[in-house]
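For reference, protein16.tsv is printed below; it contains TSV, C-alpha atoms.
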chain	number	residue	atom	x	y	z
I	1	MET	CA	110.78	103.41	104.22
I	2	ILE	CA	108.89	103.88	107.42
I	3	SER	CA	110.53	103.46	110.77
I	4	LEU	CA	108.30	103.78	113.81
I	5	CYS	CA	111.30	104.79	115.85
I	6	SER	CA	109.57	106.31	118.80
I	7	LEU	CA	106.14	106.36	120.36
I	8	LEU	CA	105.38	109.37	122.54
I	9	TYR	CA	102.14	109.09	124.47
I	10	LEU	CA	100.61	112.42	125.36
I	11	LEU	CA	97.63	112.27	127.66
I	12	ALA	CA	95.47	115.31	128.34
I	13	GLY	CA	92.85	114.17	130.81
I	14	GLN	CA	91.46	110.90	129.50
I	15	ARG	CA	90.58	112.00	125.96
I	16	ASP	CA	93.60	113.34	124.13
I	17	LEU	CA	96.07	110.65	123.13
I	18	SER	CA	98.49	111.06	120.25
I	19	VAL	CA	101.44	109.05	118.96
I	20	GLU	CA	104.55	110.54	117.43
I	21	VAL	CA	105.86	108.68	114.38
I	22	THR	CA	109.33	109.05	112.87
I	23	LEU	CA	109.16	108.59	109.09
I	24	ASN	CA	112.81	107.91	108.30
I	25	GLY	CA	112.96	110.09	105.20
I	26	LEU	CA	109.55	109.20	103.76
I	27	GLY	CA	108.80	112.80	102.79
I	28	LYS	CA	111.82	112.87	100.53
I	29	GLY	CA	111.19	109.40	99.13
I	30	LEU	CA	107.66	109.76	97.77
I	31	THR	CA	105.79	112.59	96.08
I	32	SER	CA	102.32	113.69	97.17
I	33	ALA	CA	100.81	111.95	94.12
I	34	GLN	CA	102.58	108.69	94.96
I	35	LEU	CA	101.49	108.81	98.60
I	36	LEU	CA	97.81	109.02	97.59
I	37	GLU	CA	97.94	105.44	96.28
I	38	ARG	CA	100.34	103.95	98.82
I	39	PRO	CA	99.16	103.30	102.35
I	40	LEU	CA	101.79	103.11	105.04
I	41	SER	CA	101.57	100.22	107.47
I	42	GLY	CA	103.23	98.86	110.56
I	43	ASN	CA	102.54	97.48	114.01
I	44	ALA	CA	103.27	98.73	117.50
I	45	VAL	CA	102.32	98.20	121.12
I	46	PHE	CA	100.04	101.15	121.69
I	47	HIS	CA	98.72	102.63	124.91
I	48	SER	CA	95.83	100.68	126.46
I	49	GLN	CA	93.38	103.40	125.39
I	50	TRP	CA	94.10	102.68	121.72
I	51	LYS	CA	91.20	100.29	121.19
I	52	LYS	CA	90.11	98.29	118.15
I	53	GLY	CA	88.80	100.52	115.40
I	54	LEU	CA	90.50	103.70	116.62
I	55	SER	CA	91.14	106.16	113.79
I	56	GLY	CA	91.95	109.78	113.29
I	57	GLN	CA	94.14	112.36	111.60
I	58	VAL	CA	97.81	112.39	110.66
I	59	LEU	CA	99.14	115.78	111.73
I	60	GLU	CA	102.35	117.63	110.95
I	61	ASN	CA	102.80	120.82	112.95
I	62	ASP	CA	99.05	120.78	113.66
I	63	LYS	CA	98.24	120.53	109.94
I	64	ASN	CA	96.13	117.61	108.73
I	65	ILE	CA	98.03	115.69	106.03
I	66	GLY	CA	96.28	112.30	106.17
I	67	SER	CA	94.36	109.71	108.15
I	68	PHE	CA	95.18	106.55	110.08
I	69	GLN	CA	93.39	103.46	111.42
I	70	VAL	CA	94.33	100.90	114.08
I	71	PHE	CA	93.26	97.22	114.04
I	72	ALA	CA	92.43	94.93	116.93
I	73	GLY	CA	95.70	93.00	116.79
I	74	SER	CA	98.43	91.53	114.60
I	75	LEU	CA	99.25	88.01	113.42
I	76	SER	CA	102.92	88.83	113.95
I	77	GLY	CA	102.64	89.16	117.74
I	78	LYS	CA	101.04	91.07	120.59
I	79	ALA	CA	101.15	94.44	118.88
I	80	GLN	CA	98.37	96.16	116.91
I	81	ASP	CA	98.57	96.71	113.15
I	82	TRP	CA	97.96	100.19	111.76
I	83	VAL	CA	97.59	101.80	108.35
I	84	ALA	CA	97.90	105.44	107.32
I	85	LEU	CA	97.09	107.20	104.07
I	86	PHE	CA	98.58	110.61	103.34
I	87	THR	CA	96.91	113.36	101.32
I	88	GLN	CA	100.08	115.46	101.29
I	89	ALA	CA	103.76	114.61	101.47
I	90	PRO	CA	105.24	115.50	104.89
I	91	ARG	CA	107.89	118.18	104.85
I	92	GLY	CA	109.75	116.93	107.88
I	93	ASN	CA	110.58	113.58	109.41
I	94	LYS	CA	107.98	113.41	112.16
I	95	VAL	CA	104.19	113.33	112.24
I	96	SER	CA	101.64	112.46	114.90
I	97	PHE	CA	98.63	110.17	114.86
I	98	HIS	CA	95.84	112.12	116.55
I	99	PRO	CA	92.79	109.98	117.43
I	100	SER	CA	89.31	111.21	116.60
I	101	ALA	CA	86.99	111.85	119.54
I	102	THR	CA	84.15	110.19	117.64
I	103	LYS	CA	84.06	107.01	115.60
I	104	MET	CA	84.58	107.71	111.90
I	105	ALA	CA	82.15	106.19	109.41
I	106	SER	CA	83.30	103.27	107.23
I	107	PRO	CA	82.56	102.92	103.50
I	108	PHE	CA	83.08	99.13	103.63
I	109	VAL	CA	80.41	96.44	103.79
I	110	PHE	CA	80.71	92.64	103.98
I	111	ASP	CA	77.87	90.53	102.62
I	112	GLY	CA	77.22	87.05	101.32
I	113	ASP	CA	77.07	83.57	102.76
I	114	TRP	CA	79.87	82.03	104.83
I	115	LYS	CA	78.97	78.73	103.15
I	116	SER	CA	79.57	80.02	99.62
I	117	LEU	CA	81.08	83.46	98.91
I	118	ARG	CA	81.71	86.34	101.31
I	119	LYS	CA	82.20	89.64	99.48
I	120	LEU	CA	83.68	92.98	100.55
I	121	SER	CA	82.45	96.12	98.79
I	122	ASP	CA	82.45	99.87	99.20
I	123	LYS	CA	80.65	102.70	97.40
I	124	MET	CA	82.99	102.22	94.42
I	125	GLY	CA	81.99	98.57	93.98
I	126	PRO	CA	83.18	95.07	94.92
I	127	ILE	CA	86.76	94.67	96.15
I	128	ILE	CA	87.49	91.06	97.16
I	129	ALA	CA	85.46	87.90	97.69
I	130	VAL	CA	86.42	84.92	99.85
I	131	PHE	CA	85.48	81.49	98.49
I	132	CYS	CA	84.26	79.61	101.53
I	133	GLU	CA	82.16	76.70	100.21
I	134	PRO	CA	82.63	73.62	102.44
I	135	TYR	CA	84.68	70.72	101.14
I	136	ASP	CA	82.46	68.31	99.20
I	137	PRO	CA	84.15	65.06	98.07
I	138	SER	CA	80.89	63.46	96.94
I	139	THR	CA	81.75	63.76	93.22
I	140	PRO	CA	85.02	64.45	91.36
I	141	ALA	CA	83.66	67.80	90.17
I	142	SER	CA	82.52	69.01	93.60
I	143	LYS	CA	85.74	67.77	95.19
I	144	GLU	CA	87.91	69.77	92.78
I	145	ALA	CA	85.72	72.85	93.14
I	146	THR	CA	85.88	72.91	96.95
I	147	PHE	CA	89.28	71.52	97.98
I	148	LYS	CA	90.73	74.88	99.00
I	149	THR	CA	89.67	78.34	99.96
I	150	PHE	CA	90.99	81.29	97.95
I	151	THR	CA	90.22	84.98	97.49
I	152	HIS	CA	89.00	86.71	94.33
I	153	VAL	CA	90.05	90.25	93.36
I	154	TYR	CA	87.86	92.68	91.42
I	155	ASP	CA	88.72	95.36	88.89
I	156	PRO	CA	89.98	98.40	90.88
I	157	GLU	CA	87.74	100.66	88.77
I	158	GLY	CA	84.87	98.32	87.94
I	159	ASP	CA	82.79	95.35	89.08
I	160	THR	CA	84.28	92.46	87.08
I	161	LEU	CA	86.72	89.88	88.40
I	162	ILE	CA	90.37	90.09	87.41
I	163	SER	CA	91.27	86.80	89.13
I	164	LYS	CA	90.63	83.18	88.21
I	165	GLY	CA	88.42	80.69	90.08
I	166	ALA	CA	88.02	76.94	89.65
I	167	GLY	CA	88.23	75.31	86.23
I	168	GLY	CA	90.10	76.55	83.17
I	169	LYS	CA	93.77	75.97	82.51
I	170	PHE	CA	95.77	74.89	85.56
I	171	PRO	CA	92.66	74.69	87.79
I	172	HIS	CA	94.65	74.52	91.05
I	173	HIS	CA	95.56	78.22	90.59
I	174	ARG	CA	92.82	80.45	91.98
I	175	GLY	CA	92.90	84.17	92.79
I	176	LEU	CA	95.07	84.96	95.80
I	177	PHE	CA	96.01	81.60	97.30
I	178	TYR	CA	98.53	79.93	99.62
I	179	GLY	CA	99.78	76.37	99.88
I	180	PHE	CA	102.76	74.03	99.50
I	181	MET	CA	103.18	71.02	97.24
I	182	LYS	CA	105.34	69.30	99.85
I	183	THR	CA	103.88	69.69	103.33
I	184	THR	CA	105.34	67.27	105.85
I	185	TYR	CA	103.79	66.36	109.20
I	186	SER	CA	103.63	63.28	111.41
I	187	ALA	CA	101.55	61.26	108.90
I	188	GLY	CA	103.93	61.94	105.99
I	189	VAL	CA	104.07	64.30	103.01
I	190	VAL	CA	100.88	65.83	101.59
I	191	ASP	CA	100.15	68.35	98.82
I	192	THR	CA	98.32	71.43	100.06
I	193	TRP	CA	98.73	73.13	96.66
I	194	HIS	CA	97.06	70.69	94.23
I	195	CYS	CA	95.12	69.15	97.16
I	196	LYS	CA	95.35	65.59	95.90
I	197	ASP	CA	94.17	62.37	97.61
I	198	GLY	CA	91.62	64.07	99.84
I	199	VAL	CA	93.94	66.80	101.16
I	200	HIS	CA	92.04	70.07	101.57
I	201	LEU	CA	92.29	73.57	103.05
I	202	ASN	CA	88.93	74.87	104.19
I	203	LEU	CA	87.34	77.26	106.65
I	204	THR	CA	86.48	75.82	110.05
I	205	GLY	CA	83.99	78.62	110.73
I	206	PRO	CA	83.13	82.21	109.77
I	207	GLY	CA	85.83	84.84	109.60
I	208	VAL	CA	86.35	87.79	111.93
I	209	GLU	CA	85.65	91.10	110.19
I	210	GLU	CA	86.79	94.64	110.94
I	211	VAL	CA	85.81	97.79	109.06
I	212	GLY	CA	87.06	101.33	109.46
I	213	PRO	CA	87.33	104.58	107.50
I	214	LEU	CA	90.48	103.54	105.61
I	215	ALA	CA	90.51	99.76	105.48
I	216	ALA	CA	88.56	96.56	105.97
I	217	ARG	CA	90.01	93.29	107.26
I	218	VAL	CA	88.84	89.69	107.46
I	219	THR	CA	90.70	86.99	109.38
I	220	LEU	CA	89.81	83.45	108.27
I	221	PRO	CA	90.17	80.23	110.29
I	222	VAL	CA	91.59	77.77	107.74
I	223	GLY	CA	92.03	74.12	108.61
I	224	TRP	CA	94.77	72.09	106.91
I	225	TYR	CA	93.53	68.51	106.48
I	226	GLY	CA	95.47	65.41	105.46
I	227	LYS	CA	94.50	62.40	103.34
I	228	LYS	CA	92.37	60.87	106.10
I	229	ASP	CA	90.52	64.10	106.84
I	230	ASP	CA	92.82	64.66	109.83
I	231	LEU	CA	93.32	68.27	110.91
I	232	PHE	CA	97.08	68.71	111.24
I	233	ALA	CA	97.44	72.51	111.25
I	234	MET	CA	95.36	75.64	111.84
I	235	GLU	CA	95.93	78.79	109.85
I	236	GLU	CA	94.79	82.34	110.58
I	237	ARG	CA	94.60	83.79	107.07
I	238	GLN	CA	94.08	87.53	106.84
I	239	PHE	CA	93.20	89.93	104.05
I	240	THR	CA	93.27	93.70	104.55
I	241	ALA	CA	91.81	95.83	101.74
I	242	ILE	CA	92.43	99.55	101.21
I	243	ARG	CA	91.05	101.74	98.44
I	244	ALA	CA	93.87	104.21	97.75
I	245	GLY	CA	93.17	106.64	94.92
I	246	LYS	CA	92.64	104.45	91.85
I	247	ALA	CA	94.70	101.64	93.36
I	248	LEU	CA	93.32	98.65	95.21
I	249	VAL	CA	95.70	97.44	97.93
I	250	VAL	CA	95.19	93.94	99.35
I	251	ASP	CA	97.53	92.87	102.16
I	252	PHE	CA	97.87	89.16	102.92
I	253	ALA	CA	99.05	87.81	106.28
I	254	SER	CA	99.06	84.26	107.60
I	255	ARG	CA	99.98	82.39	110.77
I	256	VAL	CA	100.08	78.58	110.53
I	257	THR	CA	100.30	76.57	113.75
I	258	PRO	CA	100.65	72.76	113.81
I	259	VAL	CA	98.14	70.82	115.87
I	260	GLN	CA	101.12	68.95	117.28
I	261	GLY	CA	104.81	68.47	116.60
I	262	THR	CA	106.47	70.10	113.61
I	263	ILE	CA	105.37	70.70	110.04
I	264	LYS	CA	107.72	71.49	107.15
I	265	VAL	CA	106.61	73.43	104.07
I	266	ASP	CA	108.40	72.95	100.76
I	267	GLY	CA	107.71	72.61	97.06
I	268	ASP	CA	108.93	74.39	93.96
I	269	PRO	CA	108.48	77.94	92.61
I	270	GLN	CA	105.44	76.98	90.54
I	271	HIS	CA	103.61	75.03	93.24
I	272	ALA	CA	104.26	76.57	96.65
I	273	GLY	CA	103.95	79.81	98.59
I	274	PHE	CA	101.68	82.82	98.13
I	275	HIS	CA	100.60	83.54	94.54
I	276	PHE	CA	98.18	85.52	92.40
I	277	ARG	CA	96.46	84.08	89.34
I	278	ALA	CA	94.86	86.48	86.88
I	279	ALA	CA	91.60	85.78	85.03
I	280	ASP	CA	91.57	82.65	82.86
I	281	GLU	CA	91.25	84.88	79.78
I	282	VAL	CA	94.96	85.66	80.15
I	283	ALA	CA	95.82	81.97	79.64
I	284	SER	CA	93.34	81.40	76.83
I	285	LYS	CA	93.72	84.63	74.84
I	286	THR	CA	96.23	87.27	75.95
I	287	SER	CA	99.31	85.54	77.39
I	288	LYS	CA	101.59	87.04	74.73
I	289	GLU	CA	100.74	90.48	76.08
I	290	THR	CA	101.85	89.75	79.65
I	291	VAL	CA	104.84	91.84	80.75
I	292	PHE	CA	106.88	91.52	83.96
I	293	VAL	CA	108.49	94.59	85.50
I	294	ARG	CA	111.19	93.76	88.05
I	295	PRO	CA	113.73	95.75	90.10
I	296	SER	CA	116.24	94.83	87.39
I	297	GLY	CA	114.10	96.19	84.55
I	298	THR	CA	111.13	95.63	82.25
I	299	ASP	CA	111.12	92.43	80.20
I	300	ALA	CA	109.72	91.72	76.74
I	301	PRO	CA	106.07	90.67	76.31
I	302	GLY	CA	105.60	87.00	77.15
I	303	ALA	CA	109.08	86.66	78.72
I	304	THR	CA	109.36	85.09	82.19
I	305	ARG	CA	111.96	84.23	84.82
I	306	ASN	CA	111.87	81.32	87.23
I	307	TRP	CA	114.13	79.93	89.91
I	308	PRO	CA	116.28	77.78	89.64
I	309	GLU	CA	116.75	78.35	85.89
I	310	ARG	CA	117.55	81.90	86.92
I	311	LYS	CA	119.41	81.49	90.19
I	312	ASP	CA	119.29	85.26	90.77
I	313	HIS	CA	115.49	85.26	90.74
I	314	ILE	CA	115.35	85.20	94.54
I	315	ASN	CA	114.64	87.56	97.44
I	316	LEU	CA	113.04	90.24	95.27
I	317	ALA	CA	111.61	93.16	97.23
I	318	TRP	CA	108.81	93.31	94.64
I	319	ASN	CA	107.69	92.04	91.26
I	320	SER	CA	105.01	93.49	88.96
I	321	MET	CA	102.89	91.77	86.30
I	322	GLN	CA	100.96	93.59	83.57
I	323	PHE	CA	98.19	91.64	81.85
I	324	SER	CA	95.14	92.07	79.61
I	325	ALA	CA	91.62	90.98	80.56
I	326	ASN	CA	88.03	92.27	80.28
I	327	GLY	CA	89.15	94.58	77.49
I	328	ASN	CA	91.47	96.41	79.89
I	329	ARG	CA	95.14	96.50	80.77
I	330	TYR	CA	95.96	95.84	84.45
I	331	SER	CA	99.04	95.85	86.66
I	332	ALA	CA	99.51	93.72	89.76
I	333	THR	CA	102.45	94.45	92.07
I	334	TYR	CA	103.55	91.75	94.53
I	335	ILE	CA	105.58	92.96	97.53
I	336	ASN	CA	107.62	90.53	99.63
I	337	HIS	CA	108.10	91.65	103.23
I	338	PRO	CA	111.75	91.37	104.38
I	339	ARG	CA	110.69	89.54	107.55
I	340	ASN	CA	109.25	86.63	105.56
I	341	PRO	CA	111.20	83.35	105.64
I	342	GLY	CA	113.92	83.00	103.01
I	343	GLU	CA	115.31	82.40	100.65
I	344	SER	CA	112.33	83.57	98.63
I	345	ARG	CA	112.30	81.78	95.26
I	346	PHE	CA	110.23	83.52	92.61
I	347	SER	CA	108.11	82.19	89.77
I	348	GLU	CA	106.45	83.88	86.79
I	349	ARG	CA	104.13	82.53	84.12
I	350	GLU	CA	102.92	84.47	81.10
I	351	TYR	CA	99.42	83.01	81.54
I	352	GLY	CA	98.96	85.26	84.56
I	353	ARG	CA	100.40	83.63	87.68
I	354	PHE	CA	103.27	84.81	89.85
I	355	GLY	CA	104.55	84.64	93.42
I	356	CYS	CA	107.29	83.06	95.52
I	357	TYR	CA	107.90	80.29	98.03
I	358	PHE	CA	110.40	79.26	100.71
I	359	VAL	CA	111.34	76.19	102.76
I	360	THR	CA	110.88	76.31	106.53
I	361	ASP	CA	109.52	74.56	109.61
I	362	ALA	CA	106.72	75.55	111.98
I	363	THR	CA	105.99	74.42	115.54
I	364	ILE	CA	103.38	75.28	118.16
I	365	GLU	CA	105.96	77.47	119.89
I	366	LYS	CA	107.08	79.10	116.62
I	367	PRO	CA	104.23	79.28	114.07
I	368	LEU	CA	104.86	80.12	110.43
I	369	VAL	CA	104.08	83.84	109.97
I	370	VAL	CA	104.21	85.64	106.61
I	371	GLN	CA	103.00	88.93	105.16
I	372	TYR	CA	102.75	90.23	101.60
I	373	ARG	CA	101.17	93.20	99.85
I	374	THR	CA	99.49	93.15	96.44
I	375	VAL	CA	98.51	96.34	94.59
I	376	PHE	CA	96.14	96.31	91.61
I	377	ARG	CA	95.54	99.08	89.07
I	378	ARG	CA	94.26	99.63	85.63
I	379	GLY	CA	96.99	100.52	83.19
I	380	PRO	CA	100.75	99.92	83.05
I	381	LEU	CA	103.26	100.55	85.82
I	382	ASP	CA	106.93	101.52	85.54
I	383	GLN	CA	109.83	100.60	87.83
I	384	GLU	CA	109.71	103.84	89.79
I	385	ASP	CA	106.04	103.45	90.70
I	386	ALA	CA	106.40	99.75	91.49
I	387	GLN	CA	109.28	100.55	93.81
I	388	ALA	CA	107.16	103.25	95.43
I	389	ASP	CA	104.47	100.64	96.12
I	390	ALA	CA	106.94	98.82	98.37
I	391	VAL	CA	108.09	101.83	100.39
I	392	GLY	CA	105.25	102.00	102.88
I	393	PHE	CA	105.02	98.26	103.44
I	394	SER	CA	108.47	96.71	103.59
I	395	GLY	CA	110.32	99.14	105.84
I	396	ASN	CA	111.53	98.10	109.29
I	397	VAL	CA	108.87	98.95	111.85
I	398	LYS	CA	109.74	99.14	115.53

Transcribe the structure of this file into structure tokens.
Amino acid sequence: MISLCSLLYLLAGQRDLSVEVTLNGLGKGLTSAQLLERPLSGNAVFHSQWKKGLSGQVLENDKNIGSFQVFAGSLSGKAQDWVALFTQAPRGNKVSFHPSATKMASPFVFDGDWKSLRKLSDKMGPIIAVFCEPYDPSTPASKEATFKTFTHVYDPEGDTLISKGAGGKFPHHRGLFYGFMKTTYSAGVVDTWHCKDGVHLNLTGPGVEEVGPLAARVTLPVGWYGKKDDLFAMEERQFTAIRAGKALVVDFASRVTPVQGTIKVDGDPQHAGFHFRAADEVASKTSKETVFVRPSGTDAPGATRNWPERKDHINLAWNSMQFSANGNRYSATYINHPRNPGESRFSEREYGRFGCYFVTDATIEKPLVVQYRTVFRRGPLDQEDAQADAVGFSGNVK
């Protein structure tokens, strides 16, 4: 786990500014090989000179053992988010973030139309793509195709999609997506998961993009609309992508604020919360090959667990799904941050969908804020490596 226990600001003139970070045993918890595919993350209130896009080296006793990047802000409050990627395991318990004097080049590029698909790529290929086509209720087909935004994920080592879009089996499941079958506000209960009766979740404008040497981020303005096309909540939906070794790390964060009054989110494990749906090929051809690896162990092919049939299938720190598509074997690890609302009730389906949900309220004064990490790789993943995926994300950060 990471604990940002102390921040020591060292100013030399106006140019040299470093931050001391206490790692809380990280060097003993992960090997150098594991660290290469596992970015560390957190948020902190930095010195005023730590501007958007600042990046630099991670130093231990003046030796470079990695890099870091700071973002403009954080959906969780007034602090700034940061990520760090190590090239060597630290020997001690303290390192420093040492900013670069010049802006470091970024390998990431956004392209595409904000009225159709906005794609993020780097020199290795496409990474994610945001579906942003405007809601079109003119025909049943166009209505179903456009009733909610979602985000596609690409093969970590190729250029084909590993996530499902519209159509196919269970068409309301699409890529990385977020919603609740029972969403209550002043006009009653609506379904922001299946998006029935005219309910829809769509962008209200273009997203805000950030690129740096380690990561790229897009923050999307998502409107939650009721049956009468009434906007009852605004969501800031954020995806942060990091290419880490052969792993593709996609962090999801969201802050939902009601337009007025209180909203309540609820549902069931299959139709609420933050989920990932693998390519439709998994449902149509390879579902018997799907394997779930959990903190309690690895299950048999095709076997699943769901709350409330399994009342202990709650509050998992992580869950990992292995599936077959595009002639390849993939693993997807889903990491549940401990600060998310609880209890977290988990769902698994052998056709390639998994995630969790919770029941809670949100107000203007106290918006609904969540954060999750997903990690995608080619090939299988064992318990030890899945647990290691969670180390840099779910620790307490001060």

Give me the stretch 63-168 of chain I side of the contact with stretch 187-198 of chain I, cut-off 9 Å, one line per residue showing its nearest atom pair and distance in Å at one decimal, counting only C-alpha atoms, sorted by chain and residue number, as a Markdown table.
| residue | atom | partner | partner_atom | distance |
| --- | --- | --- | --- | --- |
| I:Pro137 | CA | I:Gly198 | CA | 7.7 |
| I:Lys143 | CA | I:Gly198 | CA | 8.4 |
| I:Glu144 | CA | I:Cys195 | CA | 8.5 |
| I:Phe147 | CA | I:Cys195 | CA | 6.4 |
| I:Lys148 | CA | I:Cys195 | CA | 7.4 |

Closest atom pairs, stretch 245-324 of chain I residues within 9 Å of stretch 76-89 of chain I, all atoms listed in the file, as JSON lines:
{"residue": "I:Ala253", "atom": "CA", "partner": "I:Ser76", "partner_atom": "CA", "distance": 8.7}
{"residue": "I:Ser254", "atom": "CA", "partner": "I:Ser76", "partner_atom": "CA", "distance": 8.7}
{"residue": "I:Arg255", "atom": "CA", "partner": "I:Ser76", "partner_atom": "CA", "distance": 7.8}

Dig up all the protein and nucleic acid residues within 8 Å of (99.8, 87.2, 97.8) in the file frame, using all atoms listed in the file, and format them as a PDB file with C-alpha atoms, in the coordinates of the input.
ATOM      1  CA  LEU I 176      95.070  84.960  95.800  1.00  0.00           C
ATOM      2  CA  PHE I 177      96.010  81.600  97.300  1.00  0.00           C
ATOM      3  CA  TYR I 178      98.530  79.930  99.620  1.00  0.00           C
ATOM      4  CA  ASP I 251      97.530  92.870 102.160  1.00  0.00           C
ATOM      5  CA  PHE I 252      97.870  89.160 102.920  1.00  0.00           C
ATOM      6  CA  PHE I 274     101.680  82.820  98.130  1.00  0.00           C
ATOM      7  CA  HIS I 275     100.600  83.540  94.540  1.00  0.00           C
ATOM      8  CA  PHE I 276      98.180  85.520  92.400  1.00  0.00           C
ATOM      9  CA  TYR I 334     103.550  91.750  94.530  1.00  0.00           C
ATOM     10  CA  GLY I 355     104.550  84.640  93.420  1.00  0.00           C
ATOM     11  CA  TYR I 372     102.750  90.230 101.600  1.00  0.00           C
ATOM     12  CA  ARG I 373     101.170  93.200  99.850  1.00  0.00           C
ATOM     13  CA  THR I 374      99.490  93.150  96.440  1.00  0.00           C
TER      14      THR I 374
END

Seminar exercise, completed: Here atom CA of I:Ala325 and atom CA of I:Arg378 stand apart by 10.4 Å

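With all atoms listed in the file as the atoms that count, the residue of I:Glu384, I:Leu201, I:Val21, I:Arg349 with the shortest distance to I:Pro301 is I:Arg349.
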
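Point (98.0, 100.4, 117.1) has the following residues at most 10 Å away: I:Val19, I:Gly42, I:Asn43, I:Ala44, I:Val45, I:Phe46, I:His47, I:Ser48, I:Gln49, I:Trp50, I:Lys51, I:Lys52, I:Gly53, I:Leu54, I:Ser55, I:Phe68, I:Gln69, I:Val70, I:Phe71, I:Ala72, I:Gly73, I:Ser74, I:Ala79, I:Gln80, I:Asp81, I:Trp82, I:Val83 (atoms considered: only C-alpha atoms).
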
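Using only C-alpha atoms, the shortest contact distance between I:Leu231 and any of I:Pro380, I:Pro107, I:Pro367, I:Pro258 is found at I:Pro258.
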
For this session: Between I:Ser344, I:Ser138, I:Ser186, I:Asn202, single out the one closest to I:Val259, counting all atoms listed in the file.
Result: I:Ser186

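Interatomic distance, atom CA of I:Leu248 to atom CA of I:Ser41: 14.9 Å.
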
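Between atom CA of I:Phe292 and atom CA of I:Phe323 the separation is 8.9 Å.
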
For this session: Fewer than 2 positions away in the same chain doesn't count, so skip those; otherwise give me all residues within 7 Å of I:Pro213, counting all atoms listed in the file, as an MDAnalysis selection string.
Result: chainID I and resid 104:107 215

For this session: Give me the residues within 10 Å of I:Ile364 as a VMD selection string, counting only C-alpha atoms and dropping any in the same chain fewer than 2 places off.
Result: chain I and resid 233 256 to 263 362 366 to 368

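The shortest atom-to-atom distance to I:Lys182, with all atoms listed in the file taken into account, belongs to I:Gly273 out of I:Gly125, I:Gly245, I:Gly273, I:Gly205.
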
For this session: Please provide as a ChimeraX atom specification all residues within 12 Å of I:Asp299, with the sequence filter that same-chain residues fewer than 3 positions apart are discarded (counting only C-alpha atoms).
Result: /I:289-296,302-305,319-322,348,350,382-383

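For the set I:Gln238, I:Thr184, I:Gln34, I:Asn326, the residue with the smallest atom-to-atom gap to I:Asp361 is I:Thr184, counting only C-alpha atoms.
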
For this session: Kindly indicate which residue among I:Leu220, I:Val282, I:Val265, I:Ala244 lies nearest to I:Met124, using all atoms listed in the file for the distances.
Result: I:Ala244
